Amino acid sequence: YLELTTFRRRKVLNKCKGPRGLPLVGNAHQMGKNPTEILDQVFAWWHQFGKGNFVFWIGTYSNVLVTSSKHLEFILSSQELITKSDIYQLTHPWLGLGLLTSTGSKWHKHRKMITPAFHFNILQDFHETMNENSNKFIMHLKKVAAGDSIFDFQDQAHYLTLDVICDTAMGVSINAMENRSSSIVQAFKDMCYNINMRAFHPLKRNEILYRLAPDYPAYRRTLKTLQDFTNDIIERRIAAHKSGAVSTSQGDEFTRKKMAFLDTLLSSTIDGRPLTANELYEEVSTFMFEGHDTTTSGVSFAVYLLSRHQDEQRKLLEEQREIMGDSDLGRDATFQEISQMKYLDLYIKEAQRLYPSVPFIGRYTDKDYVIDGDLVPKGTTLNLGIVMLGYNEKVFKDPHKFRPERFELEKPGPFEYVPFSAGPRNCIGQKFALLEIKTVVSKIIRNFEVLPALDELVSKDGSINTTLGLPPAERKKLDAHRHKYDPILSAVLTLKSENGLHLRLKERH
Ligand code: HEM
């Protein structure tokens, strides 16, 4: 029966390039055991099949890995091909069908309604919150890094981005940087871990089978903690709006002047009516998830690269001095000053090329599509390989060299570099994310000299020290000499280093 249901897809897709599989299992047995092995395997196939698209099968699920820019252009520009792949279902119990996961007319209406929430004026308010939290973060880092300690920056960054997103999304501070063990802070961390862990687990991926797993009760408790927390804030905020308290400036958490994302939603309408409690919940939770796991990755890899690439760090510091003035490097950069930091902009672009926070985007064909002359049958998962694009030497010369200047000289085409996706379903939070990453990185450069875990790990010729993107044979050779402080990358919904991102910080005086 299973083979019969896949017959048509097999007939069409067998004409495409791709690894040979076995009946029923497809290529599942070749994929690797964990997100790191899977990432390496997908890259190995990408090399084997000429760095273009290829087909692979997980059981009866047909997958196309898409990296050709013509195909990406078609998919990302389409107003129709917007249904997400089933990996996103792992987020449904928490996020419901918010902007990230919904499709069809619901998505169209919500996208239109939410777009003004990222207006320039609102971002300026958010920038204040980013500055406040970054200042706390700097104080915190001074303690963590004292005595030349080697520490995991990725772990620290998670709490900062959580504070920023709670404050901007809901207008409340959970002070995650100081209250790491509080139940709500733990719940956010556990839920993000859970989603990523289950994505490639053969049994836990399935919601029904997962009910039998020993960690299922803990997962349900985490889910309830998050739902209760968010719903409680929404209820109280609705009450504050009704009583008119939100527009005054009396001082408690619900009466400040700054608009949180939730406030914008509360004053918005869909089809002429206000949003329901469930719609508010879905969108706020989506903002919370999509807005902090991604920026944790973005900030962490950017700072990590500073530690290994000292020339670029010097250039960034020079730019900070030029723009901020030598006398008061500790102050907050204004919104305008951040936008003047051109080298920082190139630097973040280059960091996202090598380590894109969202490595893959998944779409699902709910009907047949003809893409650039190729038939893609109904029922196929399209994995858009954002992470592969950065390692294509036809677009980026010497892709394993870290060279921010390349973005001034080599101009990739509109679908050859898309860390924030592109087209109608691109990242709605792109400006927010870049503002946050730049605010944090700019402050770190001005406050600290960022050093690798051990001095000898500094890159001597600009080469990066991760093996992502290399052909398998070269990768294996280099991996054999991998230092314990070199990152082991894994990609599920976001890109992470499995063994952390270790570095040292020396205060600038
Ligand atoms: C470095 C940081 C970030 C990167 C690289 C990034 C990247 C992306 C990408 C590639 C997508 C498309 C995903 C897909 O189609 O499945 C996306 C969608 C989205 N992002 Fe981001 N993102 C970042 C930060 C943020 C932030 C800070 C927010 C919110 C404050 C946010 C909110 C969203 C939302 C709501 C969507 C869904 C949009 C839609 O489907 O209409 N993102 N992001």
# chains A, B, ... in the order shown; residues from 1 in each chain; ligands from 1
$ residues_near_ligand --ligand "ligand 1" --cutoff "7 Å" --atoms "only C-alpha atoms and all ligand atoms" --output "PDB file with C-alpha atoms, in the first residue's frame"
ATOM      1  CA  LYS A  84       5.338  24.695   5.365  1.00  0.00           C
ATOM      2  CA  LEU A  99       2.560  33.576  11.146  1.00  0.00           C
ATOM      3  CA  LEU A 100       5.440  31.099  10.858  1.00  0.00           C
ATOM      4  CA  THR A 101       3.314  27.985  10.529  1.00  0.00           C
ATOM      5  CA  TRP A 107      -1.390  33.527   6.603  1.00  0.00           C
ATOM      6  CA  ARG A 111       0.950  38.878   7.421  1.00  0.00           C
ATOM      7  CA  THR A 286       5.509  32.782  17.392  1.00  0.00           C
ATOM      8  CA  PHE A 287       7.276  36.096  17.919  1.00  0.00           C
ATOM      9  CA  GLU A 290      11.206  32.893  16.107  1.00  0.00           C
ATOM     10  CA  GLY A 291      12.612  36.041  17.687  1.00  0.00           C
ATOM     11  CA  HIS A 292      14.981  34.495  20.212  1.00  0.00           C
ATOM     12  CA  THR A 294      17.415  32.688  15.765  1.00  0.00           C
ATOM     13  CA  THR A 295      19.066  35.733  17.310  1.00  0.00           C
ATOM     14  CA  SER A 297      22.502  31.797  16.948  1.00  0.00           C
ATOM     15  CA  GLY A 298      23.138  35.070  15.067  1.00  0.00           C
ATOM     16  CA  PRO A 356      23.026  31.168   8.760  1.00  0.00           C
ATOM     17  CA  SER A 357      20.791  31.141  11.838  1.00  0.00           C
ATOM     18  CA  VAL A 358      18.051  29.388   9.822  1.00  0.00           C
ATOM     19  CA  ILE A 361      13.452  26.336   5.012  1.00  0.00           C
ATOM     20  CA  GLY A 362      10.836  23.639   4.443  1.00  0.00           C
ATOM     21  CA  PRO A 419      19.641  34.140   5.192  1.00  0.00           C
ATOM     22  CA  PHE A 420      16.334  35.885   5.902  1.00  0.00           C
ATOM     23  CA  SER A 421      14.552  34.107   3.045  1.00  0.00           C
ATOM     24  CA  ARG A 425       7.135  34.881   3.078  1.00  0.00           C
ATOM     25  CA  ASN A 426      10.507  36.282   4.034  1.00  0.00           C
ATOM     26  CA  CYS A 427      11.527  37.009   7.623  1.00  0.00           C
ATOM     27  CA  ILE A 428       9.224  39.685   8.947  1.00  0.00           C
ATOM     28  CA  GLY A 429      11.653  40.265  11.829  1.00  0.00           C
ATOM     29  CA  GLN A 430      14.754  40.872   9.672  1.00  0.00           C
ATOM     30  CA  PHE A 432      14.553  43.694  14.326  1.00  0.00           C
ATOM     31  CA  ALA A 433      17.091  40.850  14.216  1.00  0.00           C
ATOM     32  CA  LEU A 434      19.836  42.864  12.528  1.00  0.00           C
TER      33      LEU A 434
END
$ select_by_dssp --residues "region 15-198 of chain A" --states "strand (DSSP E)" --output "PyMOL selection string"
chain A and resi 54-58+61-66+151-152
$ write_last_selection --atoms "N, CA and C atoms" --output "short mmCIF file (atom, residue, chain, number, x, y, z; two decimals), in the first residue's frame"
data_model
loop_
_atom_site.label_atom_id
_atom_site.label_comp_id
_atom_site.auth_asym_id
_atom_site.auth_seq_id
_atom_site.Cartn_x
_atom_site.Cartn_y
_atom_site.Cartn_z
N PHE A 54 18.87 17.89 -5.53
CA PHE A 54 18.82 16.43 -5.60
C PHE A 54 17.65 15.91 -4.77
N VAL A 55 17.27 14.67 -5.09
CA VAL A 55 16.11 14.07 -4.42
C VAL A 55 16.58 13.00 -3.45
N PHE A 56 15.99 12.94 -2.28
CA PHE A 56 16.22 11.81 -1.38
C PHE A 56 14.90 11.42 -0.72
N TRP A 57 14.86 10.18 -0.23
CA TRP A 57 13.62 9.64 0.33
C TRP A 57 13.81 9.24 1.78
N ILE A 58 12.90 9.67 2.63
CA ILE A 58 12.88 9.17 4.01
C ILE A 58 11.63 8.30 4.08
N TYR A 61 8.44 9.40 2.27
CA TYR A 61 8.44 10.86 2.13
C TYR A 61 9.48 11.30 1.10
N SER A 62 9.01 11.93 0.05
CA SER A 62 9.95 12.39 -0.98
C SER A 62 10.42 13.80 -0.64
N ASN A 63 11.73 14.00 -0.73
CA ASN A 63 12.34 15.29 -0.39
C ASN A 63 13.18 15.79 -1.55
N VAL A 64 13.10 17.07 -1.84
CA VAL A 64 14.05 17.66 -2.78
C VAL A 64 14.87 18.68 -2.00
N LEU A 65 16.19 18.56 -2.11
CA LEU A 65 17.06 19.58 -1.53
C LEU A 65 17.26 20.62 -2.64
N VAL A 66 16.85 21.84 -2.38
CA VAL A 66 16.88 22.86 -3.44
C VAL A 66 17.98 23.89 -3.15
N PHE A 151 34.66 30.48 28.54
CA PHE A 151 33.24 30.16 28.78
C PHE A 151 32.50 30.00 27.46
N ASP A 152 31.30 29.41 27.58
CA ASP A 152 30.47 29.13 26.39
C ASP A 152 29.58 30.35 26.11
#
$ residues_around --residues "Tyr88 (chain A)" --least-positions-apart "6" --cutoff "12 Å" --atoms "only C-alpha atoms" --output "VMD selection string"
chain A and resid 94 to 103 195 to 196 198 to 199 205 286 290 360 to 364 381 492 to 493
$ residues_around --residues "His309 (chain A)" --least-positions-apart "4" --cutoff "8 Å" --atoms "only C-alpha atoms" --output "ChimeraX atom specification"
/A:305,313,402,458-459,462
$ atom_distance --atom1 "CA of Pro472 (chain A)" --atom2 "CA of Arg403 (chain A)"
23.6 Å
$ select_by_dssp --residues "region 118-327 of chain A" --states "helix (DSSP H, G or I)" --output "NGL selection string"
:A and (118 or 120-144 or 146-148 or 153-170 or 183-199 or 207-210 or 216-242 or 245-247 or 261-266 or 277-290 or 293-308 or 310-324)
$ residues_around --residues "Thr67 (chain A)" --least-positions-apart "2" --cutoff "8 Å" --atoms "only C-alpha atoms" --output "ChimeraX atom specification"
/A:51-53,65,69,71-72,384-386,388-389
$ atom_distance --atom1 "CA of Met288 (chain A)" --atom2 "CA of Asp163 (chain A)"
10.1 Å
$ closest_residue --among "A:Lys106, A:Lys33, A:His158, A:Arg236" --to "Gly500 (chain A)" --atoms "only C-alpha atoms"
A:His158
$ closest_residue --among "A:Glu207, A:Glu312, A:Asp293, A:Glu408" --to "Gln89 (chain A)" --atoms "only C-alpha atoms"
A:Glu207
$ residues_around --residues "Tyr355 (chain A)" --least-positions-apart "6" --cutoff "8 Å" --atoms "only C-alpha atoms" --output "number ranges by chain"
A: 298, 301, 387, 495
$ residues_around --residues "Glu350 (chain A)" --least-positions-apart "3" --cutoff "12 Å" --atoms "only C-alpha atoms" --output "PyMOL selection string"
chain A and resi 298+301-302+305-306+312+343-347+353-356+390-391+396+399-408+410+412+417-419+464
$ decode --residues "region 386-398 of chain A" --atoms "N, CA and C atoms" --output "PDB file, in the first residue's frame"
ATOM      1  N   ILE A 386      19.507  26.963   2.489  1.00  0.00           N
ATOM      2  CA  ILE A 386      20.120  28.286   2.695  1.00  0.00           C
ATOM      3  C   ILE A 386      21.600  28.138   3.058  1.00  0.00           C
ATOM      4  N   VAL A 387      21.887  27.140   3.911  1.00  0.00           N
ATOM      5  CA  VAL A 387      23.261  26.988   4.407  1.00  0.00           C
ATOM      6  C   VAL A 387      24.231  26.587   3.286  1.00  0.00           C
ATOM      7  N   MET A 388      23.734  25.885   2.262  1.00  0.00           N
ATOM      8  CA  MET A 388      24.610  25.483   1.152  1.00  0.00           C
ATOM      9  C   MET A 388      25.025  26.699   0.315  1.00  0.00           C
ATOM     10  N   LEU A 389      24.109  27.648   0.186  1.00  0.00           N
ATOM     11  CA  LEU A 389      24.357  28.768  -0.737  1.00  0.00           C
ATOM     12  C   LEU A 389      25.651  29.500  -0.414  1.00  0.00           C
ATOM     13  N   GLY A 390      25.934  29.649   0.862  1.00  0.00           N
ATOM     14  CA  GLY A 390      27.117  30.408   1.279  1.00  0.00           C
ATOM     15  C   GLY A 390      28.421  29.732   0.914  1.00  0.00           C
ATOM     16  N   TYR A 391      28.379  28.431   0.618  1.00  0.00           N
ATOM     17  CA  TYR A 391      29.608  27.686   0.324  1.00  0.00           C
ATOM     18  C   TYR A 391      29.754  27.381  -1.167  1.00  0.00           C
ATOM     19  N   ASN A 392      28.987  28.085  -1.984  1.00  0.00           N
ATOM     20  CA  ASN A 392      29.073  27.860  -3.429  1.00  0.00           C
ATOM     21  C   ASN A 392      30.158  28.768  -4.014  1.00  0.00           C
ATOM     22  N   GLU A 393      31.291  28.141  -4.440  1.00  0.00           N
ATOM     23  CA  GLU A 393      32.417  28.998  -4.862  1.00  0.00           C
ATOM     24  C   GLU A 393      32.157  29.709  -6.183  1.00  0.00           C
ATOM     25  N   LYS A 394      31.066  29.328  -6.878  1.00  0.00           N
ATOM     26  CA  LYS A 394      30.740  30.075  -8.098  1.00  0.00           C
ATOM     27  C   LYS A 394      30.204  31.452  -7.726  1.00  0.00           C
ATOM     28  N   VAL A 395      29.665  31.562  -6.536  1.00  0.00           N
ATOM     29  CA  VAL A 395      29.114  32.851  -6.082  1.00  0.00           C
ATOM     30  C   VAL A 395      30.092  33.540  -5.124  1.00  0.00           C
ATOM     31  N   PHE A 396      30.678  32.771  -4.213  1.00  0.00           N
ATOM     32  CA  PHE A 396      31.574  33.342  -3.200  1.00  0.00           C
ATOM     33  C   PHE A 396      32.972  32.744  -3.368  1.00  0.00           C
ATOM     34  N   LYS A 397      33.893  33.588  -3.822  1.00  0.00           N
ATOM     35  CA  LYS A 397      35.268  33.117  -4.048  1.00  0.00           C
ATOM     36  C   LYS A 397      35.886  32.725  -2.697  1.00  0.00           C
ATOM     37  N   ASP A 398      36.674  31.656  -2.663  1.00  0.00           N
ATOM     38  CA  ASP A 398      37.261  31.160  -1.411  1.00  0.00           C
ATOM     39  C   ASP A 398      36.238  31.142  -0.284  1.00  0.00           C
TER      40      ASP A 398
END
